[in-house]
Every structure is written in C-alpha cells, then in structure tokens.
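K.L.:
Handing you this structure, nothing more for now.
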Amino acid sequence: MEAFRSHRGLVATLDRANVDTDQIIPKQFLKSIKRTGFGESLFYDWRYRPDGTPDPAFELNEPRFNGASILVARNNFGCGSSREHAVWAVHQYGFKAVIAPSFADIFRNNSTKNGLLTVELQEPEVEEIFQMTSRYKGLEATVNLEEQRVTLHLPEEISFHFDIDPSVKDHLIRGLDEIGLTLRQEAAIAAFEKRHNTQMEARG
Amino acid sequence: MGKTLFEKIWDSHVVAGQSDGTTLLYIDRHLVHEVTSPQAFEGLRLTKRTVRRPELTFATMDHNVPTDDRLTIADPISRAQIDALETNCRQFGITLYGLQSDRQGIVHIIGPELGITLPGCTIVCGDSHTSTHGAFGTLAFGIGTSEVEHVLATQTLPQKRPKTFKVEYTGRLKPGSTPKDMILKLIGLVGTGGGTGYVLEYAGEAVRRLSMEQRMTICNMSIEAGARAGMIAPDETTFNYIASGNRPFAPKGAALEKAIAYWKTLPSDPDAAFDRTLEINASEIAPQVTWGTNPGMVMDVTGRIPEPDKVPGYSRRDVEQALAYMGLKPGTPITEIKVDMVFIGSCTNGRIEDLRAAARIFKGRKVAKGVKVLVVPGSEQVRRQAEAEGLDKIYKEAGCEWRFAGCSMCLGMNPDQLKPQERSASTSNRNFEGRQGKGGRTHLVSPEMAAAAAVEGHFVDIREWKSGSV
C-alpha cells in the first residue's frame, strides 16, 4: 500500500453533506473486475452532462480546481454502500486526502487500506477552509499526518490540529501490508481455531 | 457489571489484542457476492495466498442478475463479473449458489434461509446490508474489498471495538405500521450519520413481538443510520425459525438443543451498560415515506413536503438540492405525490412475509393506469414458496410483473432501472440520487404502502385507506 506522511496540494471544495457512495461512483461502474480505472468516473452523474461533456455547474469542474489533490466536503462523507470502488475513484482521480467534519465508517476503513487519508476537522474549521478556498484562488494546503496538522498556505498561514486513531496513523505512515501482518500471527489464529466453535461443526 | 449481546459475541471472537489498540477478530462466516469480490480474489493470486477456511465461505450472485430471463445476461461486463465469481469459487473451493441453483438469491436472504446465519456468530460480507443477519443475535457487518481479501486469506479482521447503542421500542405497533416504519422512524430521528461508530441493539416489547423476517427488515437498515451492525437478542422466535424449514447448515437434534442452551446465554444482561440509549414508542409510529435523497429525509405519511429552512439536521442548501432532485415543492401533502413505478423486493423487504403483505393489498384490485409494478422475490426459495401459495397469480391478476430473484431495482446494476424523472415507491433501502437509475426519484416505504400506492397511483395513508376500501 502507498504510504502517506505529508502532502501539499491544491484544495478543492464540494459543498455537500451526506455525499453517498452512489454519487462518488455510480452503480454502472461497479461491474469492473479490476482495481484501476475508476478516477474518470468519480462523481459521474454530477460531473458529466447527459451527452458526456463535463457539466460546468459542478464545483469540481471549475478550472480553478484543476489538479486539486485535497478534497474538502461537509459532514458524513462516504455514507451508503461498502463499495471500495468509491475510495479507488477518489484516490485515482488524484485526491490524496479528504477533509470533512465526519465520515461514514466503512468509507473511512476502506480509505485506510488504500493510502487515502481522511481528516476529520471541527465543523467551524471546515467552514473556514470553505471560505478561504472561495476567497483565495489556487489555495494550497499541507496535510501533515505525522504532526496531525492541516495548514492553509495563505499570506498568514492558518493551521488546524486533527485527531486520528493511532493504529490508522501507523498503518498509513508505514504503508503496511495488513494481510501480511496478520499472517505473521498464524500461531495465534491456529490456537484460537482449536478452542473456538464456529458452529459449523455443530450441524446435526 | 453485565455484558451486552454485542460484548459477549465480540469477546468470544478475540484472537489477539494488537499493540496498536485494535483487536484481531475471528470471522465465523464469510458471505461473498460478485461485485465486491473479484479484486480480492485477484489480490490472493498476485500474492500467492489462498482461502484459509473455504468451508466457512459462501457465495452467490445477486446484484447483476437480470430478473426476467436470468440465464441470458446481455451486458458483457455483467456477464464477466458473474463468470469471474464462478471461476474464483471453483479455483478456491468455495460453495457457490449460482444462477442454476434453486437456492440462489440475494446474499442476505439466503444466509438465514440456508441456516448459515446463527446466533452468536460473526458474519461479514462485502456489502453494507450485512447488518441484516444481526436479527439472529449475530455480529454481522459490511466490509470493503480489501477486507474481503483479508478475511479470505486469514479468516480474521483487525477491528477497532465499536461503541454500543440501545434502541428500545416500547409499546406495540398499530395496524398499518410495520417494521419498515420502525427503522425509518429511527433513521429520521438520529440521521444517516447518527449511528456512526456504534453497534445498535434493538430491544423492547415491539421488537420482541416481531417475526424473524420482520426483525431482519429492521437490522437491514442499521447502516442507513450509519451503524455498521444492528442486533436483536435471540429468543424462542429465533430458535423456532432455525429449527424449521429446509436449512442444511443449521444444527439439528441434540446439536440444536446444545446450541440453543448456548444461544440463551447471549442476550444482554439486565445490568449491562450501553454507551447511548434511545426510547421510541412504537404505538406512535405512523407509516413513513421518504421525501428526500437520503433515508433520514423521512416523515409521516400525513405530512407535507417541508420548507427548506425547517428541517432539523440539514442545511437549507441540503434540502433545496434534495427537493430540486426529487421534483417536489414545499407544502405538498405526501398523499398527493404520484408514482410511476412501484418496486417490491430487495434484502430489506423481499422475503415471503413481505410478499404476502403486499399481495393482501393487491388481492381483487388493479394497479392504477400508467403505473408499472415489479415484484421481485429475494430468493428462488421465496419465489417458489410464493408460487405455491398462489401469490404470483394475485400479483399478475392485479397487473404486476412477477420476476425471478435478485437485487433488481434496489440498485440499477441490472436491467431493472428507473428512467430520468420517473418516481418510484420502493420497499428497498436507499433513496440516494440515481440509485435506482440516473435521474430516478425514489420514495422508501413499507410493502403495504408501496402496494397501496400502486393501486391508487399516489401515496395513501394505509391506515385510513384500508378501513375505507376493504
């Protein structure tokens, strides 16, 4: 997995709450059996008009957000289905971090497995980033995971501390292969299986 | 201090505590479907890993399956995904209930039917509606594809222990209100993120009186409140369900007696503490109808579409966007909203009791002109049972389409979809933009409310409608 330590990039805002995974990557793109190629379908129904051309009314299509790598949205980002395709789409579009007041559990878990950082800030802090992004075209930010800090690169820098689960932080910074780590605990798993009843053996 | 149902199951599945504060949790059952698994199997191949416990892993195909002519899948990409599951199951030695199987169906419907879902187990699946299985007193939750790969390879998952949230439904449901209304009411109260970080336990008199199928409807939509899992303590209703029917994986005879003795130890102890509690009086729950673009945007059928600045928990902009998408004006009574399509089915409401409930409404009546109705059994077993009871005839005589089992219009990954601006009354679980087809407008309701809307062509208050017309 790709490690995440610190990232500086252009900030893009999406002024919506409860952005669900059906919006992030619509159902028709879930038929792929591959793990790549989802970036161009991110927010498909919002991003493109029926004729397939980009919809200029959609925020992320604004030229000033071209090349953005930090996405800022409102609360409960990523709610809905468990599709990891949503995380793949956000990541493959080019976002390295998503900032919001809150995230849905499964989306956040899936992000961790793919090196996409989800940053929870307080609602007023997110609001401030929205305002600064609207005021300063081309606003860049640094998301520093090691220091747990988001810094807005303004003439007078503003920065916010964020909390993160220590295990998530460790995994992201080291870019660990989680399955490989678990497989190293083979002895513990085998010992557990000896004493545990899965109730599958109990069939009459 | 006693333990909750959740804590008992969690504690009995801890393989090891990890130095980083997470727990390595053992998984008793892994359910697999075609959409979220191909990349996981591919990951195993790339790393030369294998499936640790294929006998605890069960697969079916449901999302992509056409419900009319199921063996002819016209879409080559859907076909490829279904073929991939067949190949993966063969290669890794996993039991598959495929399109030719008479036990095929929506993964969350066939798990309980087959006796795979049992109290006290941990169950995962790459699908957020895995919470359904919690109705048995099972810890069941949805996972992403990386986690699917993790479970395939290790039969475990590193997890952070969630908090507990008890929802007590006091009193009794009034006629016309259903378990679907109980769960929609809760989601409306706490919002789609209200349960984030929690495991829900549903308790109280109104829950105890429900059948297993009704309990599954409630647990199914836990994720719509943001909770990965929702549970109900096992009781005689649970044991009777497991002991009845053709459930090849359920214990029988002495093994069943022994299992029941264990299952009786699972309910939350009287002095167990929850991190959060909420009480809802079930006797005050009216039939619910969603009006917006998430399941928390819901109200009583007697209500009117809200003013954008008068919805607690949502910004004016949120509500304006939702109403613009839904094509609805503030002040419109719910009962004046006309529907084009009615969908009865899904892992929320596609079981036999749901099909009986909707059939009772359709019996001797006709679908309103201009309305199309799809009735899609949740599994092939449900379909055969319904046909044995003659429900298919009632539906067809009323003018409904009677289909084969699958996810169908709950999410348009198959040919069953809404067209832009078409409006549906749907017994499924999500009214997100585009969920049932690009531009489609979804209102979530109970099977009875959906059927009555099909007959009248618009929503009705089933409580008055029934007394007036039957």
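Simple scheme: letters A, B, ... for chains in structure tokens order, numbers from 1 for residues in each chain, numbers from 1 for ligands in the order shown.
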Write out as a ChimeraX atom specification each polymer residue whose atoms come within 10 Å of Asp392 in chain B, counting only C-alpha atoms; drop sequence neighbours fewer than 4 positions from it.
P.N.:
/B:355,359,375,383-388,396-398,400-403
K.L.:
If we count only C-alpha atoms, which residues of chain A reach to within 6 Å of chain B? Please list them as a VMD selection string.
P.N.:
chain A and resid 27 to 28 31 33 to 34 76 81 to 84 110 167 179 192 198 202 to 204
K.L.:
DSSP on the backbone, then: every residue of range 290-450 of chain B marked strand (DSSP E or B), written as JSON, numbers by chain.
P.N.:
{"B": [290, 298, 299, 300, 304, 333, 338, 341, 342, 343, 344, 372, 373, 374, 375, 379, 401, 402, 423, 424, 425, 426, 441, 442, 443, 444]}
K.L.:
What's the 10 Å shell around Lys96 in chain A, counting only C-alpha atoms, without same-chain residues fewer than 6 positions away, as JSON, numbers by chain?
P.N.:
{"A": [4, 6, 7, 8, 9, 68, 69, 70, 71, 90, 115, 116, 117, 118, 143]}
K.L.:
Hey, can you check how far CA of Val371 in chain B sits from CA of Pro447 in chain B?
P.N.:
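Pair CA of Val371 in chain B / CA of Pro447 in chain B returns 15.8 Å.
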K.L.:
Could you work out how far CA of Cys347 in chain B lies from CA of Thr335 in chain B, giving the answer in Å with one decimal?
P.N.:
26.2 Å
K.L.:
When you draw a straight line from CA of Ala104 in chain A to CA of Pro306 in chain B, how long is it in Å?
P.N.:
26.0 Å
K.L.:
Report as a PyMOL selection string all protein, DNA and RNA residues lying within 8 Å of range 44-53 of chain A, evaluated on only C-alpha atoms, omitting residues in the same chain fewer than 5 positions from it.
P.N.:
(chain A and resi 23-26+58+60-61) or (chain B and resi 434+438)
K.L.:
Select from chain A everything DSSP, run on the backbone, classes as alpha helix (DSSP H), then give the selection as a ChimeraX atom specification.
P.N.:
/A:21-24,44-47,85-93,105-112,123-135,166-174,178-183,186-195
K.L.:
With a distance cut-off of 12 Å and only C-alpha atoms, select the neighbouring residues of Ser134 in chain A, excluding the residue or stretch itself and same-chain residues fewer than 4 positions from it, and output the selection as a list of chain:residue names.
P.N.:
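Residues meeting the cut-off are A:Val11, A:Ala12, A:Thr13, A:Leu14, A:Asp15, A:Glu59, A:Glu62, A:Arg64, A:Phe65, A:Val72, A:Glu127, A:Glu128, A:Ile129, A:Phe130, A:Gly138, A:Leu139.
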K.L.:
Write out the residues from the selection above, keeping N, CA, C and O atoms, as an mmCIF file, in the first residue's frame.
P.N.:
data_model
loop_
_atom_site.group_PDB
_atom_site.id
_atom_site.type_symbol
_atom_site.label_atom_id
_atom_site.label_comp_id
_atom_site.auth_asym_id
_atom_site.auth_seq_id
_atom_site.Cartn_x
_atom_site.Cartn_y
_atom_site.Cartn_z
ATOM 1 N N VAL A 11 -6.391 22.755 -3.027
ATOM 2 C CA VAL A 11 -7.616 22.389 -2.308
ATOM 3 C C VAL A 11 -8.833 22.583 -3.211
ATOM 4 O O VAL A 11 -8.957 23.606 -3.878
ATOM 5 N N ALA A 12 -9.715 21.589 -3.236
ATOM 6 C CA ALA A 12 -11.000 21.732 -3.932
ATOM 7 C C ALA A 12 -12.117 21.518 -2.924
ATOM 8 O O ALA A 12 -12.002 20.678 -2.033
ATOM 9 N N THR A 13 -13.206 22.273 -3.064
ATOM 10 C CA THR A 13 -14.323 22.134 -2.130
ATOM 11 C C THR A 13 -15.541 21.549 -2.827
ATOM 12 O O THR A 13 -15.801 21.830 -4.006
ATOM 13 N N LEU A 14 -16.278 20.750 -2.097
ATOM 14 C CA LEU A 14 -17.539 20.184 -2.562
ATOM 15 C C LEU A 14 -18.547 20.477 -1.461
ATOM 16 O O LEU A 14 -18.520 19.841 -0.406
ATOM 17 N N ASP A 15 -19.400 21.483 -1.707
ATOM 18 C CA ASP A 15 -20.261 21.989 -0.640
ATOM 19 C C ASP A 15 -21.516 21.133 -0.483
ATOM 20 O O ASP A 15 -22.635 21.585 -0.738
ATOM 21 N N GLU A 59 -19.030 21.814 -9.098
ATOM 22 C CA GLU A 59 -17.889 22.516 -8.486
ATOM 23 C C GLU A 59 -16.515 21.998 -8.933
ATOM 24 O O GLU A 59 -15.632 22.775 -9.260
ATOM 25 N N GLU A 62 -14.789 23.305 -12.038
ATOM 26 C CA GLU A 62 -14.307 24.682 -12.162
ATOM 27 C C GLU A 62 -12.798 24.646 -12.439
ATOM 28 O O GLU A 62 -12.062 23.903 -11.789
ATOM 29 N N ARG A 64 -10.422 26.430 -11.628
ATOM 30 C CA ARG A 64 -9.511 26.711 -10.508
ATOM 31 C C ARG A 64 -9.228 25.475 -9.664
ATOM 32 O O ARG A 64 -8.298 25.461 -8.866
ATOM 33 N N PHE A 65 -10.070 24.428 -9.823
ATOM 34 C CA PHE A 65 -9.827 23.199 -9.058
ATOM 35 C C PHE A 65 -9.077 22.139 -9.870
ATOM 36 O O PHE A 65 -8.879 21.011 -9.419
ATOM 37 N N VAL A 72 -12.327 18.861 0.132
ATOM 38 C CA VAL A 72 -12.984 19.262 1.379
ATOM 39 C C VAL A 72 -14.490 19.194 1.172
ATOM 40 O O VAL A 72 -15.012 19.748 0.193
ATOM 41 N N GLU A 127 -15.627 24.949 7.742
ATOM 42 C CA GLU A 127 -16.270 26.150 7.198
ATOM 43 C C GLU A 127 -15.208 27.200 6.842
ATOM 44 O O GLU A 127 -15.287 27.844 5.789
ATOM 45 N N GLU A 128 -14.214 27.327 7.683
ATOM 46 C CA GLU A 128 -13.154 28.303 7.416
ATOM 47 C C GLU A 128 -12.381 27.926 6.141
ATOM 48 O O GLU A 128 -12.038 28.796 5.338
ATOM 49 N N ILE A 129 -12.128 26.640 5.959
ATOM 50 C CA ILE A 129 -11.426 26.223 4.729
ATOM 51 C C ILE A 129 -12.288 26.538 3.508
ATOM 52 O O ILE A 129 -11.793 27.016 2.483
ATOM 53 N N PHE A 130 -13.610 26.305 3.635
ATOM 54 C CA PHE A 130 -14.510 26.644 2.523
ATOM 55 C C PHE A 130 -14.387 28.131 2.186
ATOM 56 O O PHE A 130 -14.266 28.521 1.031
ATOM 57 N N GLY A 138 -6.650 29.164 -6.029
ATOM 58 C CA GLY A 138 -5.389 28.433 -6.038
ATOM 59 C C GLY A 138 -4.853 28.125 -4.653
ATOM 60 O O GLY A 138 -3.662 27.842 -4.487
ATOM 61 N N LEU A 139 -5.736 28.185 -3.646
ATOM 62 C CA LEU A 139 -5.295 27.909 -2.278
ATOM 63 C C LEU A 139 -4.710 26.505 -2.173
ATOM 64 O O LEU A 139 -5.315 25.524 -2.589
#
